[in-house]
Structure formats: C-alpha cells, structure tokens
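Structure file entry.txt (compact mmCIF, C-alpha atoms) follows.
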# COMPACT_ATOMS: atom_id res chain seq x y z
CA MET A 14 63.93 95.86 102.56
CA THR A 15 63.69 98.75 100.12
CA ALA A 16 62.72 97.81 96.58
CA PHE A 17 64.52 99.37 93.61
CA ALA A 18 63.20 99.57 90.10
CA ALA A 19 65.27 98.02 87.33
CA ASP A 20 66.42 101.41 86.09
CA ASP A 21 67.26 102.74 89.55
CA LYS A 22 70.85 103.21 90.52
CA GLU A 23 72.22 100.66 92.95
CA PRO A 24 72.05 101.83 96.57
CA PRO A 25 75.36 103.14 97.89
CA PRO A 26 77.42 100.72 99.98
CA ALA A 27 76.95 100.86 103.73
CA LEU A 28 79.02 99.45 106.57
CA SER A 29 77.34 96.93 108.82
CA GLY A 30 78.61 98.60 111.98
CA ARG A 31 80.41 95.45 113.11
CA ALA A 32 82.76 97.52 115.30
CA GLY A 33 80.63 100.63 115.57
CA HIS A 34 80.73 103.72 113.37
CA ASP A 35 83.15 106.56 112.73
CA PRO A 36 81.75 109.55 110.84
CA LYS A 37 85.19 110.38 109.35
CA LEU A 38 85.18 107.14 107.35
CA VAL A 39 83.48 106.51 104.03
CA PRO A 40 82.28 103.08 102.85
CA PHE A 41 83.78 101.47 99.77
CA ALA A 42 82.64 98.13 98.35
CA VAL A 43 85.29 95.88 96.81
CA THR A 44 84.61 93.37 94.03
CA ASP A 45 83.15 90.60 96.21
CA GLY A 46 80.77 93.05 97.91
CA THR A 47 82.68 93.42 101.19
CA VAL A 48 82.43 97.00 102.42
CA LEU A 49 85.62 98.63 103.69
CA ALA A 50 85.95 101.75 105.82
CA VAL A 51 88.17 104.40 104.24
CA LEU A 52 89.80 107.58 105.50
CA ASP A 53 90.39 109.95 102.57
CA VAL A 54 92.12 113.21 103.50
CA GLY A 55 94.47 115.82 102.11
CA PRO A 56 94.34 118.00 98.99
CA PRO A 57 92.03 116.31 96.45
CA THR A 58 93.78 117.97 93.51
CA THR A 59 97.29 116.74 94.28
CA ASP A 60 98.96 114.57 91.63
CA ALA A 61 100.17 112.05 94.23
CA THR A 62 98.28 109.85 96.68
CA ALA A 63 99.66 107.76 99.51
CA VAL A 64 97.71 104.52 99.98
CA LEU A 65 98.46 103.11 103.42
CA VAL A 66 98.06 99.42 104.29
CA HIS A 67 98.03 98.52 107.99
CA GLY A 68 99.23 95.47 109.89
CA TRP A 69 97.57 92.43 111.45
CA THR A 70 94.82 93.26 114.00
CA GLN A 71 95.40 96.96 113.32
CA ASP A 72 93.55 99.49 111.18
CA HIS A 73 93.95 102.87 109.50
CA THR A 74 94.50 104.58 112.87
CA SER A 75 97.92 102.92 113.11
CA TRP A 76 98.88 105.45 110.40
CA ASP A 77 97.36 108.48 112.18
CA ASP A 78 100.67 110.16 113.00
CA VAL A 79 102.05 109.54 109.50
CA THR A 80 98.79 110.80 107.97
CA ASP A 81 99.06 114.01 109.96
CA GLU A 82 102.53 114.55 108.53
CA LEU A 83 101.44 113.83 104.95
CA ARG A 84 98.03 115.46 104.60
CA PRO A 85 99.22 119.07 104.14
CA TYR A 86 101.17 117.99 101.06
CA MET A 87 99.40 115.04 99.44
CA ARG A 88 96.22 113.05 99.41
CA VAL A 89 96.13 110.10 101.82
CA VAL A 90 93.88 107.06 101.49
CA ALA A 91 94.16 104.92 104.62
CA TYR A 92 91.63 102.11 104.82
CA ASP A 93 90.69 99.28 107.15
CA GLY A 94 91.27 95.85 105.65
CA ARG A 95 88.43 93.35 105.75
CA GLY A 96 87.82 92.21 109.31
CA HIS A 97 89.86 95.08 110.73
CA GLY A 98 88.89 98.41 112.20
CA TRP A 99 85.40 99.46 111.13
CA SER A 100 85.37 97.36 107.93
CA ASP A 101 83.08 94.41 107.40
CA ALA A 102 84.63 90.95 107.63
CA GLY A 103 83.52 89.64 104.26
CA PRO A 104 82.43 86.11 103.33
CA LYS A 105 83.88 83.13 105.14
CA GLY A 106 87.14 81.95 103.61
CA THR A 107 88.15 85.35 102.21
CA ALA A 108 90.66 86.21 104.95
CA THR A 109 93.69 85.54 102.77
CA ILE A 110 96.68 87.64 101.82
CA GLU A 111 95.76 87.21 98.16
CA GLN A 112 92.22 88.48 98.71
CA ILE A 113 93.44 91.48 100.70
CA ALA A 114 95.89 92.21 97.88
CA ASP A 115 92.97 92.16 95.44
CA ASP A 116 91.12 94.55 97.77
CA LEU A 117 94.11 96.89 97.53
CA ALA A 118 93.85 96.77 93.74
CA ASP A 119 90.15 97.65 94.01
CA VAL A 120 90.96 100.58 96.32
CA ILE A 121 93.48 101.97 93.83
CA THR A 122 91.30 101.57 90.73
CA GLY A 123 88.11 102.69 92.47
CA LEU A 124 89.30 105.52 94.69
CA VAL A 125 92.53 106.70 93.06
CA PRO A 126 91.90 106.38 89.33
CA HIS A 127 94.40 109.10 88.38
CA GLY A 128 97.82 110.37 89.44
CA ARG A 129 100.83 108.78 91.05
CA VAL A 130 100.41 106.33 93.92
CA VAL A 131 102.86 105.51 96.69
CA LEU A 132 102.05 102.31 98.56
CA ALA A 133 103.15 101.96 102.17
CA GLY A 134 102.61 98.69 104.03
CA HIS A 135 103.32 98.08 107.71
CA SER A 136 103.81 94.54 109.06
CA LEU A 137 101.09 92.42 107.36
CA GLY A 138 100.74 95.32 104.92
CA GLY A 139 104.12 94.31 103.47
CA PRO A 140 103.02 90.83 102.37
CA VAL A 141 99.82 92.36 101.03
CA ILE A 142 101.81 94.72 98.79
CA MET A 143 104.09 91.87 97.71
CA ALA A 144 101.03 89.81 96.73
CA PHE A 145 99.57 92.85 94.96
CA ALA A 146 102.77 93.18 92.90
CA GLU A 147 102.57 89.50 92.02
CA ARG A 148 98.86 89.46 91.13
CA HIS A 149 98.47 92.92 89.56
CA PRO A 150 101.76 93.65 87.77
CA GLN A 151 100.23 95.97 85.16
CA LEU A 152 98.51 98.10 87.81
CA LEU A 153 101.80 98.28 89.69
CA THR A 154 103.67 99.39 86.56
CA ASP A 155 101.06 101.87 85.40
CA ARG A 156 100.16 103.57 88.65
CA VAL A 157 102.64 102.98 91.47
CA SER A 158 105.67 105.28 91.65
CA GLY A 159 107.06 103.89 94.89
CA VAL A 160 106.69 101.29 97.63
CA VAL A 161 107.59 101.69 101.30
CA LEU A 162 107.77 98.43 103.26
CA VAL A 163 107.72 99.09 107.00
CA SER A 164 108.70 96.58 109.71
CA THR A 165 107.74 93.59 107.61
CA SER A 166 108.87 90.28 106.17
CA ALA A 167 108.80 88.25 102.96
CA ALA A 168 109.02 84.85 104.70
CA GLY A 169 109.64 83.06 107.98
CA LEU A 170 107.30 85.11 110.14
CA GLY A 171 107.24 83.91 113.74
CA ARG A 172 110.30 81.69 113.54
CA ASP A 173 112.60 84.22 115.18
CA ILE A 174 110.01 86.19 117.13
CA PHE A 175 111.36 88.08 120.17
CA GLY A 176 114.84 87.04 119.11
CA LEU A 177 114.25 83.44 120.19
CA PRO A 178 116.17 80.64 118.47
CA PRO A 179 114.29 78.19 116.23
CA ARG A 180 114.49 75.40 118.81
CA MET A 181 112.31 77.55 121.08
CA THR A 182 109.90 78.90 118.47
CA ALA A 183 109.35 75.53 116.76
CA PRO A 184 106.89 74.28 119.44
CA LEU A 185 104.98 77.56 119.17
CA MET A 186 104.73 77.19 115.42
CA LEU A 187 103.41 73.64 115.85
CA ALA A 188 100.78 74.76 118.36
CA GLN A 189 99.72 77.79 116.34
CA PRO A 190 97.26 75.99 113.97
CA LEU A 191 95.46 74.46 116.94
CA ILE A 192 95.03 77.84 118.63
CA THR A 193 93.92 79.65 115.50
CA GLY A 194 91.64 76.76 114.54
CA VAL A 195 89.60 77.33 117.68
CA ARG A 196 89.63 81.10 117.26
CA LYS A 197 88.41 80.83 113.67
CA LEU A 198 85.19 79.32 115.03
CA SER A 199 84.38 82.46 117.00
CA LYS A 200 81.08 84.14 116.15
CA SER A 201 82.01 87.36 117.92
CA ALA A 202 82.07 90.60 115.96
CA VAL A 203 85.17 91.90 117.75
CA ASN A 204 88.26 90.38 119.33
CA PHE A 205 88.10 91.94 122.78
CA ARG A 206 85.66 94.19 124.59
CA TYR A 207 88.02 95.59 127.22
CA PRO A 208 90.91 97.30 125.43
CA GLY A 209 92.08 98.98 128.64
CA LEU A 210 93.14 95.60 130.01
CA LEU A 211 94.81 94.62 126.75
CA ALA A 212 96.92 97.79 126.82
CA ILE A 213 98.88 96.53 129.82
CA PRO A 214 100.79 93.63 128.16
CA LEU A 215 101.36 95.66 125.00
CA ARG A 216 104.26 97.28 126.79
CA PHE A 217 106.32 94.27 125.71
CA GLY A 218 107.42 93.30 122.21
CA LEU A 219 105.84 95.91 119.96
CA TYR A 220 107.81 99.03 120.83
CA GLY A 221 111.40 100.16 121.07
CA PRO A 222 112.84 101.65 124.28
CA GLY A 223 110.76 104.53 125.60
CA ALA A 224 108.08 104.28 122.88
CA ALA A 225 105.55 102.13 124.76
CA THR A 226 103.75 105.20 126.11
CA LYS A 227 100.28 104.89 127.59
CA HIS A 228 98.89 106.73 124.57
CA ASN A 229 100.55 104.35 122.10
CA ARG A 230 99.51 101.24 124.02
CA ARG A 231 95.92 102.39 124.39
CA ARG A 232 95.41 103.10 120.71
CA THR A 233 97.11 99.85 119.69
CA ALA A 234 94.90 97.93 122.15
CA ALA A 235 91.81 99.62 120.71
CA GLN A 236 92.76 98.45 117.22
CA VAL A 237 93.36 94.86 118.31
CA SER A 238 90.08 94.86 120.24
CA ARG A 239 87.86 95.96 117.35
CA SER A 240 89.34 93.57 114.79
CA HIS A 241 87.36 90.47 113.83
CA PRO A 242 88.47 87.26 115.62
CA ALA A 243 87.81 84.73 112.84
CA THR A 244 89.49 86.97 110.26
CA THR A 245 92.59 87.68 112.33
CA ALA A 246 92.93 84.01 113.31
CA ALA A 247 92.83 82.94 109.66
CA LEU A 248 95.48 85.51 108.82
CA VAL A 249 97.85 84.02 111.39
CA ASP A 250 97.82 80.83 109.33
CA GLU A 251 98.34 82.91 106.21
CA MET A 252 101.35 84.71 107.66
CA ALA A 253 102.90 81.44 108.86
CA ARG A 254 102.76 80.10 105.28
CA HIS A 255 103.73 83.37 103.63
CA ASP A 256 106.86 83.12 101.48
CA ARG A 257 107.16 85.62 98.66
CA VAL A 258 110.92 85.80 98.39
CA PRO A 259 110.79 84.06 94.98
CA VAL A 260 108.47 86.74 93.55
CA LEU A 261 110.02 89.85 95.08
CA GLY A 262 111.58 90.54 91.71
CA ASP A 263 108.10 91.71 90.68
CA LEU A 264 108.98 94.96 92.46
CA ASP A 265 111.89 95.51 90.08
CA GLY A 266 111.38 98.81 88.32
CA THR A 267 109.40 100.29 91.22
CA ARG A 268 111.34 102.45 93.66
CA THR A 269 111.30 100.51 96.91
CA VAL A 270 112.41 101.47 100.40
CA VAL A 271 112.49 99.04 103.32
CA LEU A 272 112.30 100.52 106.83
CA ALA A 273 113.36 98.61 109.93
CA GLY A 274 114.04 99.21 113.61
CA THR A 275 116.96 97.61 115.39
CA LYS A 276 114.69 96.70 118.35
CA ASP A 277 111.88 95.12 116.32
CA ALA A 278 111.04 91.88 118.14
CA LEU A 279 108.31 90.73 115.75
CA THR A 280 110.07 91.16 112.41
CA PRO A 281 113.75 91.43 113.33
CA ILE A 282 116.03 93.37 111.03
CA ALA A 283 117.21 90.21 109.26
CA HIS A 284 113.81 90.12 107.53
CA ALA A 285 114.35 93.61 106.11
CA ARG A 286 117.81 92.70 104.88
CA ALA A 287 116.41 89.60 103.13
CA ILE A 288 113.88 91.75 101.26
CA VAL A 289 116.55 94.21 100.14
CA GLU A 290 118.73 91.36 98.89
CA ALA A 291 115.84 90.03 96.78
CA VAL A 292 114.51 93.33 95.38
CA PRO A 293 116.78 94.93 92.77
CA ASN A 294 117.80 98.48 93.73
CA ALA A 295 115.79 98.51 96.98
CA GLU A 296 117.05 100.74 99.79
CA LEU A 297 117.30 99.78 103.45
CA VAL A 298 116.77 102.47 106.09
CA VAL A 299 117.50 101.43 109.67
CA TYR A 300 116.25 103.26 112.76
CA PRO A 301 118.37 102.60 115.86
CA ARG A 302 116.44 101.67 119.02
CA ALA A 303 113.11 101.65 117.18
CA GLY A 304 110.71 98.73 117.49
CA HIS A 305 107.98 97.23 115.34
CA MET A 306 105.60 100.20 115.46
CA LEU A 307 107.56 102.59 113.25
CA PRO A 308 104.43 104.52 112.14
CA TYR A 309 104.02 105.56 115.79
CA GLU A 310 107.67 105.65 116.79
CA ARG A 311 109.12 107.46 113.75
CA PRO A 312 106.14 109.06 111.95
CA ALA A 313 108.00 112.04 110.51
CA GLU A 314 110.72 109.82 109.08
CA VAL A 315 108.22 107.33 107.61
CA ALA A 316 106.26 110.20 106.07
CA ALA A 317 109.45 111.68 104.61
CA GLN A 318 110.19 108.41 102.81
CA ILE A 319 106.67 108.32 101.36
CA THR A 320 106.91 111.95 100.25
CA ARG A 321 110.29 111.31 98.65
CA LEU A 322 108.92 108.45 96.58
CA ALA A 323 105.94 110.57 95.54
CA SER A 324 108.22 113.03 93.81
CA THR A 325 108.77 112.75 90.08
CA THR A 326 112.57 112.95 90.37
Would you mind writing the structure in this file as structure tokens?
Amino acid sequence: MTAFAADDKEPPPALSGRAGHDPKLVPFAVTDGTVLAVLDVGPPTTDATAVLVHGWTQDHTSWDDVTDELRPYMRVVAYDGRGHGWSDAGPKGTATIEQIADDLADVITGLVPHGRVVLAGHSLGGPVIMAFAERHPQLLTDRVSGVVLVSTSAAGLGRDIFGLPPRMTAPLMLAQPLITGVRKLSKSAVNFRYPGLLAIPLRFGLYGPGAATKHNRRRTAAQVSRSHPATTAALVDEMARHDRVPVLGDLDGTRTVVLAGTKDALTPIAHARAIVEAVPNAELVVYPRAGHMLPYERPAEVAAQITRLASTT
C-alpha cells in the first residue's frame, strides 16, 4: 500500500476491474466510495448535457446508438450503475433504487456542475430518475431541463410480463424472492462467463419484430454477463416493490416525455400510460411494433426527444 502524507492530495479513484477494463471509461467515486465507470463524450463546451441511465443488468453500452446520434451536438455522460458494466459493486446492502438515485445526484453534481441537463432513463433507469426526483427535488429544479422515460414503469413491474394475466404471473412473483435470495449469496464477480450462449434466448421478449438481430442480441448478452449477480438479484426485489406513482407529481414543472413500444413485453404500454396520467403535462410517444429495447430499436427517435428537451424553447 502506498503511504500518503497528511498534506498530500487523495489518490484518484480507480476501478477494481471486476468485469475487466475499458480504456474509454473514466472512474468516478460517488459519496459512499463506490467507483463507477463513466463514458464522457461530445463537445465539452456545450451548454447542455445528456445524462443517460441504463436498465437492469445493462450498462452504458445500451445507449451506444443513441450516444452516436447525440455526441456531435451535445455532451453525453453515460455511466455504469453500481454492479453493472465495468463499475464496482459497492458495499453489501447498497443495491437499492434509492442508492442508485443518490449516485445519479453525485454524477450530476460532480461531473456536470454547470449547464442544462437532460436525464434519460431506460427500464430500471426510469425508477431511478423517479427516485432522484423524490429525493433531490432542488437539484431537479435547478439543473434538469427535461426527463425522457424510456420503456419503463412506475409500479407493478412483472405482474403483466409478456402479456400474461395476473393469475399466471402471481406464482412467478411468489417464487421470485426465493430465486433472488439464492442469487444474492453469489460471490462471483460477473453473472455469466459465456455471453454467446446467453444471446440465443434473448431473441424472445426484449425486442420488437425484426429487431432481435445477432448484433443486438450479442451486445445485450455481453451486458447481462458482466453485471454483478448479487447486485442484480437484489434489484429484482427492489423492482418488485417499486411503486412511485404517488410521488410522480415531483416531476411537475420538468418537461417530461414517456416513450413506449407497442410490442414491449417487459413493460407493456399500459405502464407508460399510467406514468403520463400521473405526471402533469407529460407527453406520451408511442412507437408501433417496437419492443423494450428502444435505445437499440429507435435510437434516432430517442436521441431526437433528448435533443428537443435540451433546447431552451
């Protein structure tokens, strides 16, 4: 261990390498010391920054196509949440939606201290932004000019998955804590070491018709594989309990757009409509025949919504 004198600066944060290393990413330590991996691209002098929050078992690469659309025009900060992508997992017990929302607040204050911010959250990223609005209302008011909620839900996750009726999903919901309880005991650094095999079943459920290309399935499988098993298992329990419909009014005053695909089997379009009903002045944009993975399936359209909210008009 290297010793530092009392008047020395603290050493810069460093990633543990839990899922390997990517030279494009920079480390950023949040308040509790957990080090996150961050992609920071685009013009550094722009007055607007898109901060992109990924979904469960995914990472910043789920936004790659959207980032490519945005980076010529605005700064993009896309980071891996704790226990996802190349980020460290953090202390035991910190895999909560509230903690990840606090991490988002740290990312904004630490990496984007000036200018307008547009938040975009896909899938689990939606509840994270909702919790951020609840827990950090002043930061939301002062810094965030728009919110884009993509293929997400404010409550009832899993109860209508794949379009199944409640009588069929109820047994799955009862069994879920038992399954995740075992998985939370895992000591493994990553979820799966053979993403090529995982790419095969990903043809079903995530994508709309024609969008489950080999390229899309392989990169989604890679994300799931490098996420942290104990973290992602704990977040399943979190998502099952998640109900922020009563506090969605916290987004009042912030321009909000909700994006949904008609073929989304994980968060069916009824979830998007429920958010719009609860958020004053929110817009609903529906993409026919699109599935859950809108950042891959409709990247130009998702980017256009972010760019629109970044404008001052």
May I ask for the distance between CA of Phe145 (chain A) and CA of Pro36 (chain A), given in Å to one decimal place?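 Result for CA of Phe145 (chain A) versus CA of Pro36 (chain A): 29.1 Å, one decimal.
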In Å, rounded to a single decimal, give me how far CA of Gly139 (chain A) is from CA of Leu219 (chain A).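 These two atoms are separated by 16.7 Å.
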Contact table region 16-123 of chain A vs region 233-245 of chain A, cut-off 9 Å, shortest pair per residue, only C-alpha atoms, as JSON lines:
{"residue": "A:Arg31", "atom": "CA", "partner": "A:His241", "partner_atom": "CA", "distance": 8.6}
{"residue": "A:Ala32", "atom": "CA", "partner": "A:Arg239", "partner_atom": "CA", "distance": 5.7}
{"residue": "A:Gly33", "atom": "CA", "partner": "A:Arg239", "partner_atom": "CA", "distance": 8.8}
{"residue": "A:Trp69", "atom": "CA", "partner": "A:Thr245", "partner_atom": "CA", "distance": 6.9}
{"residue": "A:Thr70", "atom": "CA", "partner": "A:Val237", "partner_atom": "CA", "distance": 4.8}
{"residue": "A:Gln71", "atom": "CA", "partner": "A:Gln236", "partner_atom": "CA", "distance": 4.9}
{"residue": "A:Asp72", "atom": "CA", "partner": "A:Gln236", "partner_atom": "CA", "distance": 6.2}
{"residue": "A:His73", "atom": "CA", "partner": "A:Gln236", "partner_atom": "CA", "distance": 9.0}
{"residue": "A:Thr74", "atom": "CA", "partner": "A:Gln236", "partner_atom": "CA", "distance": 7.7}
{"residue": "A:Ser75", "atom": "CA", "partner": "A:Thr233", "partner_atom": "CA", "distance": 7.3}
{"residue": "A:Arg95", "atom": "CA", "partner": "A:Thr244", "partner_atom": "CA", "distance": 7.9}
{"residue": "A:Gly96", "atom": "CA", "partner": "A:His241", "partner_atom": "CA", "distance": 4.9}
{"residue": "A:His97", "atom": "CA", "partner": "A:Ser240", "partner_atom": "CA", "distance": 4.4}
{"residue": "A:Gly98", "atom": "CA", "partner": "A:Ser240", "partner_atom": "CA", "distance": 5.5}
{"residue": "A:Trp99", "atom": "CA", "partner": "A:Arg239", "partner_atom": "CA", "distance": 7.5}
{"residue": "A:Ser100", "atom": "CA", "partner": "A:Ser240", "partner_atom": "CA", "distance": 8.8}
{"residue": "A:Asp101", "atom": "CA", "partner": "A:His241", "partner_atom": "CA", "distance": 8.7}
{"residue": "A:Ala102", "atom": "CA", "partner": "A:His241", "partner_atom": "CA", "distance": 6.8}
{"residue": "A:Gly103", "atom": "CA", "partner": "A:Thr244", "partner_atom": "CA", "distance": 8.9}
{"residue": "A:Lys105", "atom": "CA", "partner": "A:Thr244", "partner_atom": "CA", "distance": 8.5}
{"residue": "A:Gly106", "atom": "CA", "partner": "A:Thr244", "partner_atom": "CA", "distance": 8.7}
{"residue": "A:Thr107", "atom": "CA", "partner": "A:Thr244", "partner_atom": "CA", "distance": 8.3}
{"residue": "A:Ala108", "atom": "CA", "partner": "A:Thr244", "partner_atom": "CA", "distance": 5.5}
{"residue": "A:Thr109", "atom": "CA", "partner": "A:Thr244", "partner_atom": "CA", "distance": 8.7}
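Considering the residues A:Leu297, A:Val66, A:Val292, A:Leu52 and counting all atoms listed in the file, Pro259 (chain A) has its shortest atom-to-atom contact with A:Val292.
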Kindly assemble as JSON lines a list of the region 43-132 of chain A residues that lie within 12 Å of region 262-268 of chain A, each paired with its nearest atom pair and their distance in Å to one decimal, using only C-alpha atoms, sorted first by chain and then by ascending residue number.
{"residue": "A:Val130", "atom": "CA", "partner": "A:Thr267", "partner_atom": "CA", "distance": 11.2}
{"residue": "A:Val131", "atom": "CA", "partner": "A:Arg268", "partner_atom": "CA", "distance": 9.5}
{"residue": "A:Leu132", "atom": "CA", "partner": "A:Arg268", "partner_atom": "CA", "distance": 10.5}
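The smallest atom-to-atom distance between His284 (chain A) and any of A:Val163, A:Ala202, A:Val79, A:Leu28, using only C-alpha atoms, is found for A:Val163.
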Selected residue of minimal separation from Glu296 (chain A) among A:Val160, A:Ala144, A:Ala247, A:Ala42, counting only C-alpha atoms: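 Result for the nearest residue to Glu296 (chain A): A:Val160.
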I'd like the neighbourhood of Ser136 (chain A) as a ChimeraX atom specification, where a residue qualifies if any of its atoms comes within 6 Å (using only C-alpha atoms), though same-chain residues fewer than 2 positions away should be ignored. /A:68,138-139,164-165
Requested write-out: C-alpha atoms of the selected residues, as a short mmCIF file (atom, residue, chain, number, x, y, z; two decimals), in the frame of the given file:
data_model
loop_
_atom_site.label_atom_id
_atom_site.label_comp_id
_atom_site.auth_asym_id
_atom_site.auth_seq_id
_atom_site.Cartn_x
_atom_site.Cartn_y
_atom_site.Cartn_z
CA GLY A 68 99.23 95.47 109.89
CA GLY A 138 100.74 95.32 104.92
CA GLY A 139 104.12 94.31 103.47
CA SER A 164 108.70 96.58 109.71
CA THR A 165 107.74 93.59 107.61
#
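Taking CA of Ala118 (chain A) and CA of Ser199 (chain A) as endpoints, the distance between them is 28.9 Å.
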Which residue, A:Val258, A:Ala303, A:Ala61, A:Leu137, has the smallest gap to Ala287 (chain A) when you use all atoms listed in the file?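 Selected residue with least distance to Ala287 (chain A): A:Val258.
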Non-local contacts of region 80-89 of chain A (10 Å; only C-alpha atoms; under 5 positions in same chain excluded) as a PyMOL selection string: chain A and resi 52-65+73-75+125+130-131+308+312-317+319-320+323
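Look at Ala285 (chain A): the protein and nucleic acid residues within 10 Å of it, using only C-alpha atoms and passing over chain neighbours fewer than 3 places away, are Leu162, Val163, Ser164, Thr165, Ser166, Ala167, Val270, Val271, Leu272, Ala273, Gly274, Thr280, Pro281, Ile282, Ile288, Val289, Glu290, Glu296, Leu297, Val298 and Val299 of chain A.
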Counting all atoms listed in the file, which of A:Pro150, A:Pro190, A:Pro140, A:Pro26 gets nearest to Ala168 (chain A)?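 The answer is A:Pro140, which sits nearest to Ala168 (chain A).
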With only C-alpha atoms as the basis for distance, which of A:Asn294, A:Ser29, A:Asn204, A:Gln151 is at the shortest distance from Thr47 (chain A)?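 Residue with the minimum atom-to-atom distance to Thr47 (chain A): A:Ser29.
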Env of Gly223 (chain A): 12 Å cut, atoms = only C-alpha atoms, seq-sep filter 2 positions within chain, self excluded. Answer as a ChimeraX atom specification. /A:216-217,219-221,225-227,229-230,276,302-304,309-310
